[in-house]
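So this one's target.txt, compact mmCIF, C-alpha atoms:
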# COMPACT_ATOMS: atom_id res chain seq x y z
CA MET O 519 0.00 0.00 0.00
CA GLN O 520 1.23 3.48 -0.84
CA LEU O 521 1.35 6.54 1.37
CA SER O 522 -0.88 9.29 -0.02
CA GLU O 523 1.18 12.32 -0.88
CA THR O 524 -0.07 15.69 0.31
CA PRO O 525 1.47 19.14 -0.23
CA ARG O 526 2.86 18.94 3.29
CA THR O 527 4.49 15.55 2.83
CA THR O 528 5.99 16.24 -0.59
CA LEU O 529 9.73 16.24 -0.06
CA THR O 530 11.39 19.46 -1.16
CA ARG O 531 14.92 18.12 -0.92
CA LEU O 532 16.67 14.83 -1.73
CA ALA O 533 13.36 13.34 -2.76
CA ASP O 534 15.16 10.20 -3.92
CA ARG O 535 15.50 9.32 -0.25
CA GLY O 536 11.73 9.29 0.12
CA ARG O 537 9.84 6.04 0.62
CA THR O 538 6.22 5.78 -0.27
CA GLU O 539 5.28 2.33 1.03
CA VAL O 540 3.12 2.23 4.14
CA ASP O 541 5.21 -0.75 5.28
CA ASP O 542 8.30 1.47 5.36
CA LEU O 543 6.44 3.91 7.60
CA TYR O 544 5.35 1.12 9.93
CA ALA O 545 8.86 -0.34 10.06
CA VAL O 546 10.47 2.97 11.05
CA LEU O 547 7.83 3.62 13.70
CA ASP O 548 7.86 0.09 15.09
CA ALA O 549 11.64 0.11 15.60
CA GLY O 550 11.66 3.19 17.85
CA LEU O 551 11.73 3.78 21.59
CA VAL O 552 10.88 7.48 21.56
CA GLY O 553 9.62 9.97 19.04
CA HIS O 554 9.63 13.74 19.12
CA LEU O 555 6.26 15.46 19.38
CA GLY O 556 5.97 18.97 18.02
CA LEU O 557 3.12 21.21 19.07
CA VAL O 558 2.47 24.94 19.07
CA ARG O 559 2.14 26.82 22.36
CA ASP O 560 1.49 30.57 22.34
CA GLY O 561 2.53 30.65 18.71
CA ALA O 562 5.90 28.99 19.23
CA PRO O 563 6.87 25.39 18.55
CA VAL O 564 7.73 22.99 21.36
CA VAL O 565 9.41 19.62 20.72
CA LEU O 566 9.31 16.94 23.41
CA PRO O 567 10.52 13.32 23.40
CA MET O 568 7.79 10.83 24.04
CA GLY O 569 6.95 7.14 24.10
CA TYR O 570 4.29 5.92 21.72
CA GLY O 571 2.63 2.85 20.29
CA ARG O 572 1.08 1.89 16.97
CA ARG O 573 -2.17 0.06 16.30
CA GLY O 574 -2.76 -0.41 12.58
CA ASP O 575 -2.84 2.99 10.93
CA GLY O 576 -2.94 4.94 14.16
CA LEU O 577 -0.40 6.10 16.73
CA TYR O 578 -1.05 6.52 20.40
CA LEU O 579 0.79 8.91 22.70
CA HIS O 580 0.39 9.04 26.44
CA GLY O 581 1.42 11.18 29.33
CA SER O 582 0.50 12.31 32.79
CA SER O 583 -2.84 14.11 32.84
CA GLY O 584 -0.98 16.82 34.73
CA ALA O 585 1.69 17.45 32.11
CA GLY O 586 1.70 20.90 30.54
CA TRP O 587 1.73 19.59 26.99
CA ALA O 588 -1.11 17.12 27.66
CA ARG O 589 -3.44 19.96 28.60
CA VAL O 590 -3.17 21.53 25.14
CA LEU O 591 -3.17 18.35 23.10
CA ASP O 592 -6.85 17.58 22.45
CA GLY O 593 -7.56 18.58 18.87
CA ALA O 594 -4.13 20.12 18.44
CA ALA O 595 -2.16 20.23 15.20
CA VAL O 596 0.95 18.18 15.86
CA CYS O 597 3.93 16.61 14.17
CA PHE O 598 5.41 13.38 15.47
CA THR O 599 8.84 12.37 14.20
CA VAL O 600 10.77 9.15 14.79
CA THR O 601 14.42 9.05 13.73
CA HIS O 602 17.00 6.27 13.77
CA VAL O 603 20.65 7.14 13.21
CA ASP O 604 22.33 4.29 11.32
CA GLY O 605 25.73 5.64 10.42
CA VAL O 606 28.07 8.58 10.05
CA VAL O 607 29.01 9.05 6.41
CA TYR O 608 32.60 10.26 6.00
CA ALA O 609 33.18 11.71 2.54
CA ARG O 610 36.40 13.01 0.96
CA SER O 611 34.92 16.50 1.29
CA VAL O 612 33.34 18.12 4.33
CA PHE O 613 30.43 19.17 2.11
CA ASP O 614 29.47 15.58 1.25
CA HIS O 615 29.61 14.30 4.82
CA SER O 616 26.23 12.92 5.74
CA LEU O 617 24.29 10.64 8.02
CA ASN O 618 22.63 7.33 7.32
CA TYR O 619 19.22 7.40 8.94
CA ARG O 620 15.61 6.33 8.82
CA CYS O 621 13.03 9.00 9.61
CA ALA O 622 9.23 9.06 9.72
CA VAL O 623 7.35 12.36 9.98
CA VAL O 624 3.66 12.18 10.86
CA LEU O 625 1.42 15.25 10.56
CA GLY O 626 -2.07 15.47 11.96
CA THR O 627 -4.45 16.44 14.70
CA THR O 628 -4.50 14.61 18.00
CA ARG O 629 -7.71 13.24 19.46
CA ARG O 630 -8.09 12.63 23.19
CA VAL O 631 -9.01 8.99 23.80
CA ALA O 632 -11.96 8.88 26.20
CA ASP O 633 -13.37 5.40 25.54
CA ALA O 634 -12.18 3.01 28.26
CA ASP O 635 -11.57 0.04 25.94
CA GLU O 636 -9.65 2.11 23.41
CA LYS O 637 -7.63 3.71 26.19
CA ARG O 638 -6.67 0.32 27.60
CA ASP O 639 -5.73 -0.93 24.14
CA ALA O 640 -3.71 2.22 23.49
CA LEU O 641 -1.79 1.84 26.75
CA GLU O 642 -1.04 -1.76 25.85
CA ALA O 643 0.36 -0.56 22.51
CA VAL O 644 2.49 2.11 24.20
CA THR O 645 3.73 -0.34 26.85
CA GLU O 646 4.59 -3.02 24.30
CA GLN O 647 6.48 -0.50 22.16
CA LEU O 648 8.64 0.55 25.12
CA SER O 649 8.93 -2.87 26.72
CA PRO O 650 7.59 -5.82 24.72
CA GLY O 651 6.22 -8.47 27.05
CA SER O 652 5.54 -6.15 29.96
CA TRP O 653 1.78 -5.90 29.44
CA SER O 654 1.29 -9.59 30.23
CA TYR O 655 3.98 -9.68 32.94
CA ALA O 656 3.65 -6.50 35.00
CA ARG O 657 0.75 -5.39 37.18
CA LEU O 658 -1.89 -3.76 34.98
CA PRO O 659 -3.13 -0.21 35.63
CA THR O 660 -5.69 0.48 38.33
CA LYS O 661 -8.65 2.80 37.74
CA ARG O 662 -6.79 5.54 39.55
CA GLU O 663 -3.68 5.06 37.41
CA LEU O 664 -5.80 5.07 34.26
CA ALA O 665 -7.38 8.35 35.35
CA ALA O 666 -3.94 9.85 35.93
CA THR O 667 -2.93 9.00 32.35
CA SER O 668 -4.03 10.90 29.27
CA VAL O 669 -3.96 9.14 25.93
CA TYR O 670 -4.04 10.76 22.50
CA ALA O 671 -4.56 9.22 19.08
CA LEU O 672 -2.90 10.40 15.88
CA ASP O 673 -3.85 9.01 12.46
CA LEU O 674 -1.07 7.93 10.13
CA THR O 675 -2.85 9.25 7.06
CA GLU O 676 -0.42 12.12 6.44
CA ALA O 677 3.16 11.00 6.78
CA SER O 678 6.46 10.91 4.97
CA VAL O 679 9.43 8.57 5.27
CA LYS O 680 13.00 9.39 4.39
CA ILE O 681 15.84 6.89 4.46
CA ARG O 682 19.50 7.26 3.60
CA THR O 683 21.71 4.19 3.31
CA GLY O 684 25.03 3.36 1.75
CA PRO O 685 28.39 4.98 1.12
CA PRO O 686 29.27 8.67 0.65
CA HIS O 687 28.50 10.36 -2.65
CA ASP O 688 31.64 12.32 -3.31
CA GLU O 689 32.26 14.74 -6.13
CA PRO O 690 33.99 12.91 -9.02
CA GLU O 691 37.05 15.15 -8.79
CA ASP O 692 37.50 14.25 -5.10
CA VAL O 693 37.36 10.53 -5.90
CA VAL O 694 39.90 10.97 -8.68
CA ALA O 695 42.17 13.07 -6.46
CA GLY O 696 42.33 10.21 -3.94
CA GLY O 697 44.41 10.32 -0.80
CA ARG O 698 41.54 10.63 1.68
CA TRP O 699 39.64 7.81 3.37
CA ALA O 700 35.89 7.72 2.83
CA GLY O 701 33.25 5.37 4.12
CA VAL O 702 30.62 4.78 6.75
CA LEU O 703 30.93 4.36 10.50
CA PRO O 704 27.84 2.31 11.39
CA VAL O 705 25.84 3.47 14.42
CA ARG O 706 23.83 0.95 16.35
CA THR O 707 21.70 0.87 19.48
CA VAL O 708 22.39 -2.00 21.87
CA PHE O 709 20.99 -3.22 25.15
CA ASP O 710 23.52 -4.00 27.88
CA ALA O 711 23.02 -6.55 30.66
CA ALA O 712 19.88 -5.87 32.71
CA GLU O 713 20.39 -4.25 36.13
CA PRO O 714 18.02 -5.54 38.84
CA ALA O 715 16.34 -2.92 41.05
CA PRO O 716 18.07 -2.52 44.44
CA ASP O 717 14.81 -3.38 46.24
CA LEU O 718 14.17 -6.54 44.20
CA ASP O 719 13.21 -9.52 46.35
CA PRO O 720 15.18 -12.74 45.69
CA GLY O 721 12.20 -14.55 44.16
CA PRO O 722 11.73 -13.36 40.58
CA VAL O 723 14.24 -14.40 37.94
CA LEU O 724 15.08 -12.10 35.04
CA PRO O 725 12.28 -12.72 32.51
CA THR O 726 13.21 -13.60 28.94
CA HIS O 727 11.25 -10.65 27.51
CA VAL O 728 13.94 -8.50 29.16
CA SER O 729 17.03 -10.71 28.90
CA ASP O 730 16.42 -11.71 25.27
CA ARG O 731 15.34 -8.33 24.03
CA ARG O 732 16.95 -7.18 20.81
CA PRO O 733 16.83 -3.58 19.52
CA GLY O 734 14.51 -2.51 16.74
CA MET G 77 26.69 28.77 35.94
CA GLN G 78 22.95 28.37 36.23
CA LEU G 79 20.40 28.28 33.43
CA SER G 80 17.99 31.23 33.73
CA GLU G 81 14.48 29.96 34.24
CA THR G 82 11.74 31.47 32.13
CA PRO G 83 7.99 30.73 32.16
CA ARG G 84 8.52 28.53 29.09
CA THR G 85 11.34 26.50 30.58
CA THR G 86 9.74 25.95 33.99
CA LEU G 87 9.02 22.23 34.16
CA THR G 88 5.36 21.46 34.79
CA ARG G 89 5.93 17.80 35.51
CA LEU G 90 8.55 15.73 37.37
CA ALA G 91 10.52 18.90 38.09
CA ASP G 92 12.92 16.86 40.22
CA ARG G 93 14.38 15.57 36.97
CA GLY G 94 15.29 19.10 35.92
CA ARG G 95 18.90 20.22 35.84
CA THR G 96 19.78 23.86 36.09
CA GLU G 97 23.53 23.86 35.43
CA VAL G 98 24.67 25.22 32.10
CA ASP G 99 27.28 22.46 32.05
CA ASP G 100 24.49 19.84 32.04
CA LEU G 101 22.98 21.55 29.02
CA TYR G 102 26.30 21.57 27.21
CA ALA G 103 26.98 17.92 28.07
CA VAL G 104 23.63 16.74 26.67
CA LEU G 105 24.07 18.79 23.50
CA ASP G 106 27.71 17.83 22.97
CA ALA G 107 26.94 14.10 23.17
CA GLY G 108 24.41 14.10 20.32
CA LEU G 109 24.53 13.29 16.63
CA VAL G 110 21.15 14.74 15.67
CA GLY G 111 18.57 16.95 17.30
CA HIS G 112 14.97 17.57 16.36
CA LEU G 113 14.09 21.05 15.10
CA GLY G 114 10.52 22.23 15.56
CA LEU G 115 9.17 25.10 13.52
CA VAL G 116 5.74 26.37 12.56
CA ARG G 117 4.63 26.28 8.92
CA ASP G 118 1.16 27.53 7.98
CA GLY G 119 0.17 27.38 11.63
CA ALA G 120 1.14 23.74 12.12
CA PRO G 121 4.27 22.36 13.77
CA VAL G 122 6.91 20.49 11.78
CA VAL G 123 9.66 18.45 13.46
CA LEU G 124 12.76 17.47 11.48
CA PRO G 125 15.96 15.69 12.53
CA MET G 126 19.07 17.72 11.97
CA GLY G 127 22.79 17.87 12.61
CA TYR G 128 24.10 20.76 14.67
CA GLY G 129 27.13 22.14 16.40
CA ARG G 130 27.78 24.23 19.50
CA ARG G 131 30.11 27.18 19.95
CA GLY G 132 30.01 28.51 23.50
CA ASP G 133 26.45 29.52 24.32
CA GLY G 134 25.20 29.24 20.77
CA LEU G 135 24.01 26.43 18.51
CA TYR G 136 24.43 26.28 14.78
CA LEU G 137 22.15 24.42 12.38
CA HIS G 138 22.80 23.98 8.70
CA GLY G 139 21.07 22.70 5.65
CA SER G 140 20.83 23.00 1.91
CA SER G 141 19.83 26.49 0.86
CA GLY G 142 17.15 24.74 -1.21
CA ALA G 143 15.50 22.89 1.65
CA GLY G 144 11.90 23.83 2.39
CA TRP G 145 12.52 24.38 6.08
CA ALA G 146 15.61 26.52 5.44
CA ARG G 147 13.56 29.02 3.46
CA VAL G 148 11.36 29.83 6.49
CA LEU G 149 14.04 29.74 9.15
CA ASP G 150 15.44 33.27 9.25
CA GLY G 151 13.96 34.94 12.33
CA ALA G 152 11.67 32.02 13.03
CA ALA G 153 10.56 30.88 16.47
CA VAL G 154 11.98 27.38 16.87
CA CYS G 155 12.53 24.64 19.39
CA PHE G 156 15.55 22.39 19.15
CA THR G 157 15.55 19.22 21.23
CA VAL G 158 18.33 16.68 21.76
CA THR G 159 17.44 13.41 23.47
CA HIS G 160 19.57 10.44 24.52
CA VAL G 161 17.84 7.22 25.55
CA ASP G 162 19.86 5.55 28.31
CA GLY G 163 17.66 2.72 29.51
CA VAL G 164 14.27 1.06 29.60
CA VAL G 165 12.93 1.05 33.16
CA TYR G 166 10.93 -2.09 33.93
CA ALA G 167 8.77 -1.62 37.04
CA ARG G 168 6.53 -4.13 38.82
CA SER G 169 3.56 -2.19 37.46
CA VAL G 170 2.91 -1.08 33.90
CA PHE G 171 2.14 2.40 35.24
CA ASP G 172 5.62 2.87 36.70
CA HIS G 173 7.49 1.73 33.60
CA SER G 174 9.71 4.53 32.41
CA LEU G 175 12.74 5.49 30.40
CA ASN G 176 16.14 6.69 31.51
CA TYR G 177 17.11 9.59 29.31
CA ARG G 178 18.89 12.90 28.99
CA CYS G 179 17.04 15.65 27.15
CA ALA G 180 17.81 19.27 26.34
CA VAL G 181 15.10 21.58 24.99
CA VAL G 182 16.22 24.90 23.51
CA LEU G 183 13.71 27.63 22.69
CA GLY G 184 14.50 30.70 20.66
CA THR G 185 14.60 32.53 17.38
CA THR G 186 16.97 31.53 14.62
CA ARG G 187 19.24 34.03 12.94
CA ARG G 188 20.61 33.47 9.45
CA VAL G 189 24.39 33.57 9.49
CA ALA G 190 25.57 35.84 6.68
CA ASP G 191 29.10 36.75 7.82
CA ALA G 192 31.62 34.57 5.99
CA ASP G 193 33.91 34.01 8.98
CA GLU G 194 31.06 33.10 11.31
CA LYS G 195 29.61 30.79 8.67
CA ARG G 196 32.91 28.98 8.26
CA ASP G 197 33.27 28.66 12.02
CA ALA G 198 29.69 27.39 12.30
CA LEU G 199 30.24 24.76 9.63
CA GLU G 200 33.37 23.63 11.44
CA ALA G 201 31.30 23.24 14.63
CA VAL G 202 28.59 21.27 12.81
CA THR G 203 31.16 19.07 11.05
CA GLU G 204 33.10 18.36 14.24
CA GLN G 205 29.88 17.46 16.09
CA LEU G 206 28.95 14.90 13.42
CA SER G 207 32.45 13.67 12.70
CA PRO G 208 35.21 14.90 15.04
CA GLY G 209 38.48 15.22 13.14
CA SER G 210 36.91 15.61 9.71
CA TRP G 211 37.40 19.38 9.45
CA SER G 212 41.18 19.03 9.45
CA TYR G 213 41.18 15.82 7.37
CA ALA G 214 38.59 16.23 4.62
CA ARG G 215 38.56 18.72 1.76
CA LEU G 216 37.17 22.03 2.99
CA PRO G 217 34.14 23.68 1.34
CA THR G 218 34.53 25.64 -1.86
CA LYS G 219 32.83 29.00 -2.37
CA ARG G 220 30.13 27.27 -4.37
CA GLU G 221 29.53 24.70 -1.65
CA LEU G 222 29.41 27.46 0.96
CA ALA G 223 26.79 29.27 -1.10
CA ALA G 224 24.72 26.10 -1.34
CA THR G 225 24.64 25.79 2.44
CA SER G 226 22.50 27.88 4.76
CA VAL G 227 23.56 28.27 8.38
CA TYR G 228 21.39 29.40 11.27
CA ALA G 229 22.35 30.40 14.79
CA LEU G 230 20.26 29.74 17.90
CA ASP G 231 21.17 31.18 21.30
CA LEU G 232 21.19 28.86 24.28
CA THR G 233 19.74 31.50 26.59
CA GLU G 234 16.35 29.80 27.00
CA ALA G 235 16.72 26.09 27.59
CA SER G 236 15.77 23.31 29.95
CA VAL G 237 17.42 20.01 30.74
CA LYS G 238 15.69 16.93 32.07
CA ILE G 239 17.50 13.76 33.08
CA ARG G 240 16.19 10.49 34.50
CA THR G 241 18.60 7.94 35.88
CA GLY G 242 18.39 4.94 38.18
CA PRO G 243 15.98 2.13 39.02
CA PRO G 244 12.19 2.03 38.79
CA HIS G 245 10.13 3.80 41.43
CA ASP G 246 7.44 1.26 42.18
CA GLU G 247 4.45 1.72 44.47
CA PRO G 248 5.31 0.42 47.97
CA GLU G 249 2.54 -2.21 47.78
CA ASP G 250 3.99 -3.61 44.54
CA VAL G 251 7.44 -3.93 46.12
CA VAL G 252 5.96 -5.69 49.16
CA ALA G 253 3.87 -8.00 46.97
CA GLY G 254 7.06 -9.20 45.24
CA GLY G 255 7.07 -11.90 42.59
CA ARG G 256 7.85 -9.64 39.63
CA TRP G 257 11.27 -8.69 38.29
CA ALA G 258 12.08 -4.98 38.15
CA GLY G 259 15.14 -3.14 36.96
CA VAL G 260 16.75 -1.31 34.10
CA LEU G 261 17.78 -2.51 30.65
CA PRO G 262 20.59 -0.10 29.70
CA VAL G 263 20.46 1.33 26.18
CA ARG G 264 23.67 2.39 24.51
CA THR G 265 24.78 3.70 21.15
CA VAL G 266 27.83 2.02 19.65
CA PHE G 267 29.90 2.40 16.51
CA ASP G 268 30.62 -0.76 14.54
CA ALA G 269 33.68 -1.34 12.37
CA ALA G 270 34.08 1.32 9.68
CA GLU G 271 33.05 0.34 6.14
CA PRO G 272 35.28 1.77 3.39
CA ALA G 273 33.55 3.34 0.39
CA PRO G 274 33.42 0.97 -2.63
CA ASP G 275 35.25 3.53 -4.76
CA LEU G 276 38.05 4.06 -2.23
CA ASP G 277 41.51 4.00 -3.77
CA PRO G 278 44.07 1.72 -2.08
CA GLY G 279 46.14 4.59 -0.74
CA PRO G 280 44.47 6.07 2.33
CA VAL G 281 44.43 4.08 5.56
CA LEU G 282 41.51 4.30 7.96
CA PRO G 283 42.26 7.46 9.99
CA THR G 284 42.24 7.24 13.79
CA HIS G 285 39.56 9.92 14.13
CA VAL G 286 37.23 7.35 12.57
CA SER G 287 38.64 4.06 13.87
CA ASP G 288 39.06 5.27 17.46
CA ARG G 289 35.81 7.19 17.69
CA ARG G 290 33.77 6.56 20.82
CA PRO G 291 30.11 7.59 21.20
CA GLY G 292 29.04 10.62 23.18
What is this file in structure tokens?
Amino acid sequence: MQLSETPRTTLTRLADRGRTEVDDLYAVLDAGLVGHLGLVRDGAPVVLPMGYGRRGDGLYLHGSSGAGWARVLDGAAVCFTVTHVDGVVYARSVFDHSLNYRCAVVLGTTRRVADADEKRDALEAVTEQLSPGSWSYARLPTKRELAATSVYALDLTEASVKIRTGPPHDEPEDVVAGGRWAGVLPVRTVFDAAEPAPDLDPGPVLPTHVSDRRPG
Amino acid sequence: MQLSETPRTTLTRLADRGRTEVDDLYAVLDAGLVGHLGLVRDGAPVVLPMGYGRRGDGLYLHGSSGAGWARVLDGAAVCFTVTHVDGVVYARSVFDHSLNYRCAVVLGTTRRVADADEKRDALEAVTEQLSPGSWSYARLPTKRELAATSVYALDLTEASVKIRTGPPHDEPEDVVAGGRWAGVLPVRTVFDAAEPAPDLDPGPVLPTHVSDRRPG
């Protein structure tokens, strides 16, 4: 399935890096731990990192009902961007240095999720994005905890995906001149060994959804 | 030195995670590869990932002079946010799951850098942030390349820093109940072995500023 192009998602620059498959959008989103939410407050943009979850063609965001940004988010125009850095691209010239990355930009209007079933489903999506396996392992939210959490939905109908991979693209004369190394230094996110909480009782063993977790 | 608090940088939520030392701000910014720039276009926010560099109490951003966002950036209200994810915090309860992170949020108005010396210095800062050592190793920009690049400055006078570290903070009753593992899964960014460009001539060896590079 193809992403529908709108004037706002038409790439103005390096359009050859654009991807138009919905599956590419889903893959970039599904591999992330945090995205960056942009909203407008008093006429100025604010960008905040945030956990999220996807269900089909919708994203869910959540936060404390007391958070400043949550109070302005119902029906707000937002942008939600998820970026993965995959490599530093060293070219022969400074000008052609670049970054390998995958980036999804979602534009839309947030909707406050009031329905209890949808809210529960959204929180499961957000929890499973941050920590796959936790929804069936950890204690589920109480009514009071649910009330303290605000959830917002954002459709994925207006989005763009940009991906850069591969080696540097140097000017031909710099390649011919030679003498300088060029290539890619891959960047990767890893999980280190899990650190038990200091107040952990001796009973529970490290669950496999934590110990076996692999990035992305 | 302390960050000056303004109404916009006063944390509305989990203020105990706030840091007020300028050095904390610099440390978060200096450890990053990309930040997320928020700007307002036609009344709606747009958030784009972007390289940057710091010089003292100022940030520099750069981009192609032809980029859509660059055309609206002179004198624009912006927000520039740099986030590092340091760990997934697994609590006994879903509600207390969290993320360890370091985040700097800079608010301000961008200024187009026209002065040739400042522009060169800014591009050196941006290059050295992305790829330390490249400015003195790679071919420097030509006049034409300089003209094709737009550079914007953003003061660090209005900024906030938020950092979460350490174990989960579970509800006392969940700790007493026991039976569930809790702790932190550390998240780290690593560089893998450098990959030479396919068109690399046999002459140049892998320089140490690439081979010995360590994250952050």
Nearby residues (all atoms listed in the file) at most 8 Å from G:His160, same-chain spacing under 2 positions excluded, as a PyMOL selection string: chain G and resi 104+108+158+162+177-179
Restricting to only C-alpha atoms, whichever of G:Leu199, G:Ala273, G:Ala224, G:Ala229 is closest to chain O is G:Ala273
Quick one: everything within 10 Å of G:Tyr213, counting only C-alpha atoms, minus sequence neighbours fewer than 3 positions away in the same chain. Send it as a ChimeraX atom specification. /O:610-612,698-699 /G:208-210,216,283,285
Residues at most 9 Å from G:Trp145, counting only C-alpha atoms, excluding those fewer than 4 positions away in the same chain, as a tab-separated table (two decimals) with C-alpha atoms, in the frame of the given file?
chain	number	residue	atom	x	y	z
O	530	THR	CA	11.39	19.46	-1.16
G	115	LEU	CA	9.17	25.10	13.52
G	117	ARG	CA	4.63	26.28	8.92
G	122	VAL	CA	6.91	20.49	11.78
G	124	LEU	CA	12.76	17.47	11.48
G	139	GLY	CA	21.07	22.70	5.65
G	149	LEU	CA	14.04	29.74	9.15
Can you list, as a PyMOL selection string, every protein, DNA or RNA residue that comes within 9 Å of G:Ser226 when you count only C-alpha atoms, leaving out same-chain residues fewer than 2 positions away? chain G and resi 137-142+146+188-190+195+222-224+228
Residue contacts of O:Val644 (10 Å, all atoms listed in the file) excluding same-chain residues fewer than 4 positions away, as number ranges by chain: O: 551, 569-573, 577-580, 638-640, 648-650, 653, 669
The distance between atom CA of O:Pro563 and atom CA of G:Ser174 is 25.2 Å
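Using all atoms listed in the file for every distance, the candidate list G:Gly111, G:Pro278, G:Gly144, G:Gly94 yields G:Gly111 as the residue closest to G:Pro125.
Residue nearest O:Leu625 within the list O:Pro733, O:Gly576, O:Pro659, O:Pro685: O:Gly576 [criterion: smallest interatomic distance, all atoms listed in the file].
With distances restricted to all atoms listed in the file, G:Gly163 is the closest residue to G:Leu261 from G:Gly163, G:Arg95, G:Glu249, G:Glu234.
The residue that comes closest to chain O, out of G:Thr85, G:Leu276, G:Leu105, G:Asp133 and on the basis of all atoms listed in the file, is G:Leu276.
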Nearest residue to chain O out of G:His245, G:Arg290, G:Arg93, G:Arg215, using only C-alpha atoms?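 That would be G:Arg215, the residue with the smallest distance to chain O.
For the pair atom CA of O:Gly701 and atom CA of O:Gly684, the interatomic distance is 8.8 Å.
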Hey, can you check how far atom CA of O:Gln520 sits from atom CA of O:Tyr544? 11.8 Å
Report, as AutoDock Vina command-line options, the axis-aligned box around all atoms of stretch 186-201 of chain G present in the file, extended by 8 Å on each side; give centre and edge lengths in Å to one decimal place.
--center_x 25.4 --center_y 30.0 --center_z 10.3 --size_x 32.9 --size_y 29.5 --size_z 24.6
